[in-house]
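**Q** Can you keep this structure in mind? I'll have questions shortly.
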Amino acid sequence: MSKNKNLKILIAAAAVLALLAAGPAALAQAPGYEAVYAQDNPVPAIVQAVRPAVVQVCAYQGQWTQEAGTVYRLLAAGSGVYVDERGYIITNNHIVENCDKVEVTLLEGDTLPARILGTDSGTDLAVLQVEGEIDAQPVPMGDSDQLQIGELAIAIGNPGDSSGTVLVGSVTVGVISALDREDVSAGNFTRSVKVIQTDAAINTGNSGGALLNYRGQLIGIPTLKLMYDMTTVYEGLGFAVPINTVKPVFEQLVEKGYVSRPRLGVTVVTLEGPEQPLRNYPPMGAQVVEVEAGGPAALAGVQPGDIILSLDGTRIETTNQLVALLDGCQFGQQIALEVCRYFDPATSQPLDQWQTLTLSLTLNPED
C-alpha cells in the first residue's frame with residue numbers, strides 16, 4: 001500500500017474521531033449526515049407529519065334527571081385517524097358504540113364536536129366526521145397486502161387510564177410480527193377478521209389510532225392486544241385491522257352509514273367430523289340450522305340440516321371460514337355450494353343414504 005493511501009486513511013479516521021469527540025451537535029452538521037440519518041431512521045420525519053392527524057376520541061353517554069337535566073359522562077376513550085379533507089376520521093366501533101355524543105381532541109388540545117357517520121361491529125370500525133377544521137394533512141392509506149413480516153411498524157395513539165390521564169400522541173415502534181392472524185378477537189369483532197400482529201406497544205387508548213409503515217402510510221387500525229389469560233402473561237402482542245380490510249368498510253360507511261355484505265340467508269354452526277361422511281359420522285363443515293324464506297339459499301334448495309362442504313371449490317371447515325369467503329364475494333355473484341344432505345330435515349335423524357349435492361345460487365342483491 002502506498003504512503004499516500006495510508007496518509008488518506010489516517011486523515012479520514014482522524015476526521016471521524018474529531019466529529020465523535022465533538023458530540024452529536026457537530027456530527028449532525030457534518031456534510032451528508034441528514035440524508036444518511038433520514039434513510040436509516042425514517043421515524044422522526046413520519047411522526048412529525050402524521051402525529052397531528054391522530055386525534056383522541058371521547059364518547060359520552062347522557063343521563064337525564066328532572067333536577068339536573070342532561071348530564072354527560074365519559075363512556076369510552078381512544079384514538080382516531082384523520083384520513084380525508086372532508087373531516088373524516090377512522091376509529092374503532094367499540095369506542096363509540098352505545099354513546100350519545102362524540103368529541104375529538106387534537107394534538108394541541110383543541111376539542112371539536114363530531115358525528116358518527118356509521119359503524120360496523122363486524123370489523124370493529126367506525127367513521128366520524130368532525131365539525132370544524134383540523135390543522136393537519138390527512139394520513140395516506142397504504143397497501144397492507146404488500147406488508148412483510150419483520151418490516152418496520154410505527155404506532156401512534158393516545159394511551160391512558162380510567163382516571164383521565166392520557167399520554168397524548170404517544171409513539172411506539174416495532175415490527176410486523178405476523179400477518180393474517182385469525183380468531184384473535186377478544187370480543188371486538190362479530191365476524192372473522194384476519195389481523196396484523198405487531199410488537200409496537202398497543203395500550204388502552206391506542207385503539208382506533210394509526211399503525212404506519214416505513215413510508216408513513218396507514219397500514220392498519222390498532223384494535224386490541226393480548227395481555228394475559230389464566231396461566232400466561234403476554235408481552236408485545238398487539239393487533240390491527242389491515243387497511244385493505246378497512247378501505248371498503250370506510251367507503252360504505254361514508255356513503256350510506258352501514259355495511260352491506262353478500263349473504264346466503266342461513267343460520268349455521270360449525271360441525272366437527274371426518275373429511276368425508278361415514279355411516280355413523282357426518283362430515284365436518286357448516287351445518288345449516290335455519291333457512292331464511294326467500295333467501296338465496298332457500299331459492300337454491302338448501303334445507304335445514306344440510307352441511308355446507310365447500311364454496312366454489314374451497315373446503316369449508318368452520319362457520320368463520322364460510323363467512324370470510326362470503327365477504328370476498330360480490331352482490332349478484334353466482335356461486336357453487338356443495339352440501340351434504342346427511343339428515344332428514346323433517347326428523348333431524350340421519351338418512352339411510354346421504355347425498356352430496358352441488359347447488360348453484362345467486363348471492364342476494366344489495367339492500
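Residues are referred to by chain and number: the chain letter is A, B, ... according to the order shown in the C-alpha cells, the number counts from 1 in that chain, and ligands are numbered separately from 1 in the order shown.
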Using only C-alpha atoms, determine which residues lie at most 7 Å from A:Ile95, disregarding the query and same-chain residues fewer than 2 positions distant; provide the list as a list in words.

**A**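 Final neighbour list, sorted by chain and number: Ala59, Ala76, Ala77, Gly78, Asn92, Asn93 and Glu97 of chain A.
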
**Q** Pull all heavy atoms from the residues just selected and write them as a PDB file, in the first residue's frame.

**A**
```pdb
ATOM      1  N   ALA A  59     -66.099   9.334  23.825  1.00  0.00           N
ATOM      2  CA  ALA A  59     -67.520   9.023  23.649  1.00  0.00           C
ATOM      3  C   ALA A  59     -68.227   9.190  24.985  1.00  0.00           C
ATOM      4  O   ALA A  59     -67.752   8.712  26.021  1.00  0.00           O
ATOM      5  CB  ALA A  59     -67.686   7.591  23.139  1.00  0.00           C
ATOM      6  N   ALA A  76     -66.212   5.994  26.964  1.00  0.00           N
ATOM      7  CA  ALA A  76     -65.010   5.340  26.455  1.00  0.00           C
ATOM      8  C   ALA A  76     -64.137   6.389  25.785  1.00  0.00           C
ATOM      9  O   ALA A  76     -64.615   7.432  25.329  1.00  0.00           O
ATOM     10  CB  ALA A  76     -65.368   4.239  25.466  1.00  0.00           C
ATOM     11  N   ALA A  77     -62.846   6.100  25.727  1.00  0.00           N
ATOM     12  CA  ALA A  77     -61.908   6.997  25.058  1.00  0.00           C
ATOM     13  C   ALA A  77     -60.890   6.172  24.294  1.00  0.00           C
ATOM     14  O   ALA A  77     -60.520   5.071  24.711  1.00  0.00           O
ATOM     15  CB  ALA A  77     -61.211   7.905  26.060  1.00  0.00           C
ATOM     16  N   GLY A  78     -60.467   6.699  23.173  1.00  0.00           N
ATOM     17  CA  GLY A  78     -59.485   6.012  22.349  1.00  0.00           C
ATOM     18  C   GLY A  78     -58.856   6.997  21.390  1.00  0.00           C
ATOM     19  O   GLY A  78     -58.714   8.182  21.695  1.00  0.00           O
ATOM     20  N   ASN A  92     -62.385   3.018  16.118  1.00  0.00           N
ATOM     21  CA  ASN A  92     -62.951   1.702  16.416  1.00  0.00           C
ATOM     22  C   ASN A  92     -64.413   1.805  16.829  1.00  0.00           C
ATOM     23  O   ASN A  92     -64.802   2.744  17.548  1.00  0.00           O
ATOM     24  CB  ASN A  92     -62.193   1.006  17.545  1.00  0.00           C
ATOM     25  CG  ASN A  92     -60.902   0.360  17.096  1.00  0.00           C
ATOM     26  OD1 ASN A  92     -59.952   0.306  17.864  1.00  0.00           O
ATOM     27  ND2 ASN A  92     -60.846  -0.153  15.880  1.00  0.00           N
ATOM     28  N   ASN A  93     -65.209   0.834  16.422  1.00  0.00           N
ATOM     29  CA  ASN A  93     -66.605   0.777  16.818  1.00  0.00           C
ATOM     30  C   ASN A  93     -66.748   0.645  18.329  1.00  0.00           C
ATOM     31  O   ASN A  93     -67.639   1.255  18.928  1.00  0.00           O
ATOM     32  CB  ASN A  93     -67.293  -0.400  16.119  1.00  0.00           C
ATOM     33  CG  ASN A  93     -68.702  -0.626  16.629  1.00  0.00           C
ATOM     34  OD1 ASN A  93     -69.577   0.190  16.429  1.00  0.00           O
ATOM     35  ND2 ASN A  93     -68.913  -1.754  17.306  1.00  0.00           N
ATOM     36  N   GLU A  97     -69.642   2.872  20.274  1.00  0.00           N
ATOM     37  CA  GLU A  97     -70.939   2.210  20.319  1.00  0.00           C
ATOM     38  C   GLU A  97     -71.664   2.555  21.630  1.00  0.00           C
ATOM     39  O   GLU A  97     -71.059   2.725  22.678  1.00  0.00           O
ATOM     40  CB  GLU A  97     -70.783   0.691  20.182  1.00  0.00           C
ATOM     41  CG  GLU A  97     -70.024   0.009  21.293  1.00  0.00           C
ATOM     42  CD  GLU A  97     -69.912  -1.493  21.065  1.00  0.00           C
ATOM     43  OE1 GLU A  97     -70.665  -2.022  20.229  1.00  0.00           O
ATOM     44  OE2 GLU A  97     -69.065  -2.120  21.728  1.00  0.00           O
TER      45      GLU A  97
END
```

**Q** Atom CA of A:Val241 and atom CA of A:Tyr214, how far apart in Å?

**A** 17.7 Å

**Q** Please provide as a list in words all residues within 12 Å of A:Arg181, with the sequence filter that same-chain residues fewer than 3 positions apart are discarded (counting only C-alpha atoms).

**A**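 The filter keeps Ile176, Ser177, Ala178, Val184, Ser185, Ser192, Val193, Lys194, Val195, Ile196, Gln197, Thr198, Leu237, Gly238, Phe239, Ala240, Val241 and Pro242 of chain A.
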
**Q** Env of A:Ile221: 9 Å cut, atoms = only C-alpha atoms, seq-sep filter 6 positions within chain, self excluded. Answer as a ChimeraX atom specification.

**A** /A:80-81,90-92,125,207-211,239-243,246

**Q** Could those residues be written to a file, using N, CA, C and O atoms, as a short mmCIF file (atom, residue, chain, number, x, y, z; two decimals), in the first residue's frame?

**A**
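Listed below is the output, again.cif:
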```cif
data_model
loop_
_atom_site.label_atom_id
_atom_site.label_comp_id
_atom_site.auth_asym_id
_atom_site.auth_seq_id
_atom_site.Cartn_x
_atom_site.Cartn_y
_atom_site.Cartn_z
N GLY A 80 -58.22 8.13 16.99
CA GLY A 80 -58.78 8.15 15.66
C GLY A 80 -57.78 8.72 14.69
O GLY A 80 -56.83 9.42 15.09
N VAL A 81 -57.97 8.44 13.39
CA VAL A 81 -57.03 8.89 12.37
C VAL A 81 -57.76 9.73 11.34
O VAL A 81 -58.74 9.26 10.73
N ILE A 90 -61.27 7.79 10.97
CA ILE A 90 -61.50 6.36 11.21
C ILE A 90 -61.14 6.05 12.66
O ILE A 90 -60.10 6.49 13.16
N THR A 91 -61.99 5.29 13.33
CA THR A 91 -61.73 4.86 14.69
C THR A 91 -62.32 3.47 14.88
O THR A 91 -62.71 2.81 13.91
N ASN A 92 -62.39 3.02 16.12
CA ASN A 92 -62.95 1.70 16.42
C ASN A 92 -64.41 1.80 16.83
O ASN A 92 -64.80 2.74 17.55
N LEU A 125 -65.02 -1.19 13.28
CA LEU A 125 -64.63 0.08 12.68
C LEU A 125 -65.79 1.08 12.75
O LEU A 125 -66.96 0.69 12.77
N SER A 207 -56.48 2.17 20.81
CA SER A 207 -57.49 1.65 19.90
C SER A 207 -58.00 2.74 18.97
O SER A 207 -58.32 3.84 19.41
N GLY A 208 -58.08 2.43 17.69
CA GLY A 208 -58.55 3.39 16.70
C GLY A 208 -57.48 4.29 16.15
O GLY A 208 -57.75 5.10 15.27
N GLY A 209 -56.25 4.17 16.65
CA GLY A 209 -55.16 5.02 16.20
C GLY A 209 -54.52 4.53 14.91
O GLY A 209 -55.15 3.84 14.11
N ALA A 210 -53.27 4.90 14.72
CA ALA A 210 -52.59 4.64 13.45
C ALA A 210 -51.49 3.60 13.61
O ALA A 210 -50.69 3.67 14.56
N LEU A 211 -51.45 2.65 12.69
CA LEU A 211 -50.30 1.77 12.51
C LEU A 211 -49.75 2.09 11.13
O LEU A 211 -50.46 1.99 10.13
N PHE A 239 -52.63 -6.04 17.92
CA PHE A 239 -53.27 -6.45 16.67
C PHE A 239 -54.01 -5.26 16.06
O PHE A 239 -54.60 -4.45 16.76
N ALA A 240 -53.98 -5.21 14.73
CA ALA A 240 -54.60 -4.12 13.99
C ALA A 240 -55.38 -4.66 12.81
O ALA A 240 -54.99 -5.67 12.20
N VAL A 241 -56.48 -3.97 12.47
CA VAL A 241 -57.26 -4.33 11.29
C VAL A 241 -56.49 -3.83 10.07
O VAL A 241 -56.16 -2.64 9.98
N PRO A 242 -56.17 -4.69 9.10
CA PRO A 242 -55.40 -4.26 7.92
C PRO A 242 -56.14 -3.18 7.14
O PRO A 242 -57.37 -3.20 7.04
N ILE A 243 -55.40 -2.24 6.58
CA ILE A 243 -56.03 -1.13 5.88
C ILE A 243 -56.80 -1.60 4.65
O ILE A 243 -57.79 -0.97 4.26
N VAL A 246 -60.03 -2.25 5.89
CA VAL A 246 -60.68 -1.01 6.31
C VAL A 246 -61.28 -0.27 5.11
O VAL A 246 -62.39 0.27 5.21
#
```

**Q** Name the residues of stretch 75-152 of chain A that come out as helix (DSSP H, G or I) in a backbone DSSP run; write them as an mmCIF file with all heavy atoms, in the first residue's frame.

**A**
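So the final result, stored in selection39.cif, reads:
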```cif
data_model
loop_
_atom_site.group_PDB
_atom_site.id
_atom_site.type_symbol
_atom_site.label_atom_id
_atom_site.label_comp_id
_atom_site.auth_asym_id
_atom_site.auth_seq_id
_atom_site.Cartn_x
_atom_site.Cartn_y
_atom_site.Cartn_z
ATOM 1 N N ASN A 93 -65.209 0.834 16.422
ATOM 2 C CA ASN A 93 -66.605 0.777 16.818
ATOM 3 C C ASN A 93 -66.748 0.645 18.329
ATOM 4 O O ASN A 93 -67.639 1.255 18.928
ATOM 5 C CB ASN A 93 -67.293 -0.400 16.119
ATOM 6 C CG ASN A 93 -68.702 -0.626 16.629
ATOM 7 O OD1 ASN A 93 -69.577 0.190 16.429
ATOM 8 N ND2 ASN A 93 -68.913 -1.754 17.306
ATOM 9 N N HIS A 94 -65.871 -0.144 18.959
ATOM 10 C CA HIS A 94 -66.058 -0.391 20.387
ATOM 11 C C HIS A 94 -65.831 0.860 21.240
ATOM 12 O O HIS A 94 -66.187 0.885 22.419
ATOM 13 C CB HIS A 94 -65.172 -1.554 20.873
ATOM 14 C CG HIS A 94 -63.715 -1.224 21.036
ATOM 15 N ND1 HIS A 94 -62.746 -1.593 20.133
ATOM 16 C CD2 HIS A 94 -63.059 -0.576 22.017
ATOM 17 C CE1 HIS A 94 -61.562 -1.196 20.544
ATOM 18 N NE2 HIS A 94 -61.724 -0.565 21.690
ATOM 19 N N ILE A 95 -65.274 1.918 20.655
ATOM 20 C CA ILE A 95 -65.108 3.167 21.386
ATOM 21 C C ILE A 95 -66.411 3.959 21.405
ATOM 22 O O ILE A 95 -66.789 4.534 22.426
ATOM 23 C CB ILE A 95 -63.980 4.018 20.759
ATOM 24 C CG1 ILE A 95 -62.643 3.286 20.849
ATOM 25 C CG2 ILE A 95 -63.889 5.384 21.448
ATOM 26 C CD1 ILE A 95 -61.530 3.959 20.082
ATOM 27 N N VAL A 96 -67.109 3.984 20.267
ATOM 28 C CA VAL A 96 -68.260 4.893 20.138
ATOM 29 C C VAL A 96 -69.617 4.204 20.216
ATOM 30 O O VAL A 96 -70.645 4.886 20.222
ATOM 31 C CB VAL A 96 -68.174 5.683 18.810
ATOM 32 C CG1 VAL A 96 -66.902 6.513 18.769
ATOM 33 C CG2 VAL A 96 -68.228 4.746 17.595
ATOM 34 N N SER A 144 -51.869 -2.936 2.657
ATOM 35 C CA SER A 144 -51.477 -3.943 3.654
ATOM 36 C C SER A 144 -51.179 -5.297 3.022
ATOM 37 O O SER A 144 -50.541 -6.142 3.662
ATOM 38 C CB SER A 144 -52.560 -4.086 4.727
ATOM 39 O OG SER A 144 -53.832 -4.339 4.167
ATOM 40 N N ASP A 145 -51.603 -5.524 1.786
ATOM 41 C CA ASP A 145 -51.278 -6.783 1.120
ATOM 42 C C ASP A 145 -49.801 -6.865 0.768
ATOM 43 O O ASP A 145 -49.299 -7.955 0.457
ATOM 44 C CB ASP A 145 -52.120 -6.956 -0.152
ATOM 45 C CG ASP A 145 -53.586 -7.237 0.145
ATOM 46 O OD1 ASP A 145 -53.891 -7.610 1.299
ATOM 47 O OD2 ASP A 145 -54.422 -7.071 -0.753
ATOM 48 N N GLN A 146 -49.103 -5.736 0.775
ATOM 49 C CA GLN A 146 -47.684 -5.714 0.439
ATOM 50 C C GLN A 146 -46.784 -5.809 1.670
ATOM 51 O O GLN A 146 -45.560 -5.790 1.537
ATOM 52 C CB GLN A 146 -47.356 -4.430 -0.333
ATOM 53 C CG GLN A 146 -48.098 -4.269 -1.644
ATOM 54 C CD GLN A 146 -47.841 -5.419 -2.597
ATOM 55 O OE1 GLN A 146 -46.695 -5.839 -2.787
ATOM 56 N NE2 GLN A 146 -48.909 -5.949 -3.188
#
```

**Q** Could you check the closest approach to A:Val166 for each of A:Leu357, A:Ile335, A:Leu322, A:Cys58 and tell me which residue wins, using only C-alpha atoms?

**A**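 Smallest separation from A:Val166 among the options: A:Cys58.
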
**Q** Nearest residue to A:Ala300 out of A:Gln48, A:Ser170, A:Thr111, A:Thr362, using only C-alpha atoms?

**A**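 Selected residue with least distance to A:Ala300: A:Thr362.
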
**Q** For A:Ala153, please output as a short mmCIF file (atom, residue, chain, number, x, y, z; two decimals) with N, CA, C and O atoms, in the first residue's frame all residues within 6 Å (counting only C-alpha atoms; exclusion window: fewer than 3 positions along the same chain).

**A**
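Here's the written file part01.cif:
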```
data_model
loop_
_atom_site.label_atom_id
_atom_site.label_comp_id
_atom_site.auth_asym_id
_atom_site.auth_seq_id
_atom_site.Cartn_x
_atom_site.Cartn_y
_atom_site.Cartn_z
N VAL A 173 -42.64 1.94 18.47
CA VAL A 173 -42.06 1.40 17.24
C VAL A 173 -41.75 -0.08 17.44
O VAL A 173 -41.30 -0.50 18.50
N GLY A 174 -42.01 -0.86 16.42
CA GLY A 174 -41.69 -2.28 16.44
C GLY A 174 -41.63 -2.79 15.02
O GLY A 174 -41.23 -2.06 14.10
N VAL A 175 -42.05 -4.01 14.85
CA VAL A 175 -42.06 -4.64 13.53
C VAL A 175 -43.41 -5.30 13.29
O VAL A 175 -44.22 -5.45 14.21
N ILE A 176 -43.65 -5.67 12.06
CA ILE A 176 -44.78 -6.53 11.75
C ILE A 176 -44.41 -7.93 12.20
O ILE A 176 -43.51 -8.55 11.65
N LEU A 212 -48.47 2.48 11.08
CA LEU A 212 -47.86 3.01 9.87
C LEU A 212 -46.69 2.17 9.41
O LEU A 212 -46.05 1.48 10.22
N ASN A 213 -46.42 2.23 8.11
CA ASN A 213 -45.22 1.57 7.58
C ASN A 213 -44.07 2.57 7.48
O ASN A 213 -44.18 3.72 7.90
#
```

**Q** Show me, as a list in words, the residues that have an atom within 10 Å of A:Leu325 when counting only C-alpha atoms, minus same-chain residues fewer than 6 positions from it.

**A**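 Residues near the query, excluding close chain neighbours: Ser192, Pro262, Leu311, Asp312, Thr314, Ile316 and Thr319 of chain A.
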
**Q** Dump C-alpha atoms for the selected residues as a PDB file, in the first residue's frame?

**A**
```
ATOM      1  CA  SER A 192     -63.976 -13.430  11.133  1.00  0.00           C
ATOM      2  CA  PRO A 262     -73.308 -10.794   0.428  1.00  0.00           C
ATOM      3  CA  LEU A 311     -67.957 -22.769  -1.671  1.00  0.00           C
ATOM      4  CA  ASP A 312     -66.684 -22.548  -5.246  1.00  0.00           C
ATOM      5  CA  THR A 314     -62.903 -24.218  -1.291  1.00  0.00           C
ATOM      6  CA  ILE A 316     -65.392 -25.300   4.471  1.00  0.00           C
ATOM      7  CA  THR A 319     -68.580 -21.071  10.034  1.00  0.00           C
TER       8      THR A 319
END
```

**Q** Could you check the closest approach to A:Pro345 for each of A:Leu309, A:Val302, A:Thr358, A:Lys247 and tell me which residue wins, using only C-alpha atoms?

**A**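 For A:Pro345, the nearest of the given residues is A:Val302.
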
**Q** List the neighbours of A:Cys340 out to 9 Å using only C-alpha atoms; skip same-chain residues closer than 4 positions along the sequence, and give me the result as an NGL selection string.

**A** :A and (277 or 282-283 or 305-309 or 354-358)

**Q** Name the closest residue to A:Asn188 among the candidates A:Ser360, A:Asn280, A:Gln129, A:Thr223; distances are taken between atoms, counting only C-alpha atoms.

**A**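 Nearest candidate to A:Asn188 out of A:Ser360, A:Asn280, A:Gln129, A:Thr223: A:Thr223.
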
**Q** Could you please determine the separation between atom CA of A:Pro222 and atom CA of A:Tyr72 in Å, to one decimal place?

**A**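 A separation of 26.9 Å between them.
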
**Q** Would you mind writing down, as a PyMOL selection string, each residue of stretch 84-256 of chain A that DSSP on the backbone assigns to strand (DSSP E or B)?

**A** chain A and resi 84+88-91+101-105+111-120+125-130+141+152-157+160+166+170-181+195-198+210-212+218-225+228+233+238-242

**Q** Give me, as JSON lines, each residue of stretch 121-197 of chain A that comes within 12 Å of stretch 253-257 of chain A, together with its shortest interatomic pair and the distance in Å at one decimal, counting only C-alpha atoms, with rows ordered by chain and rising residue number.

**A**
```
{"residue": "A:Ser121", "atom": "CA", "partner": "A:Leu253", "partner_atom": "CA", "distance": 11.8}
{"residue": "A:Thr123", "atom": "CA", "partner": "A:Leu253", "partner_atom": "CA", "distance": 12.0}
{"residue": "A:Leu125", "atom": "CA", "partner": "A:Leu253", "partner_atom": "CA", "distance": 9.3}
{"residue": "A:Ala126", "atom": "CA", "partner": "A:Leu253", "partner_atom": "CA", "distance": 7.6}
{"residue": "A:Val127", "atom": "CA", "partner": "A:Leu253", "partner_atom": "CA", "distance": 6.6}
{"residue": "A:Leu128", "atom": "CA", "partner": "A:Val254", "partner_atom": "CA", "distance": 8.8}
{"residue": "A:Gln129", "atom": "CA", "partner": "A:Val254", "partner_atom": "CA", "distance": 9.2}
```

**Q** Please, what distance in Å, to one decimal, runs between atom CA of A:Gln137 and atom CA of A:Thr105?

**A**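 Going from atom CA of A:Gln137 over to atom CA of A:Thr105 covers 15.8 Å.
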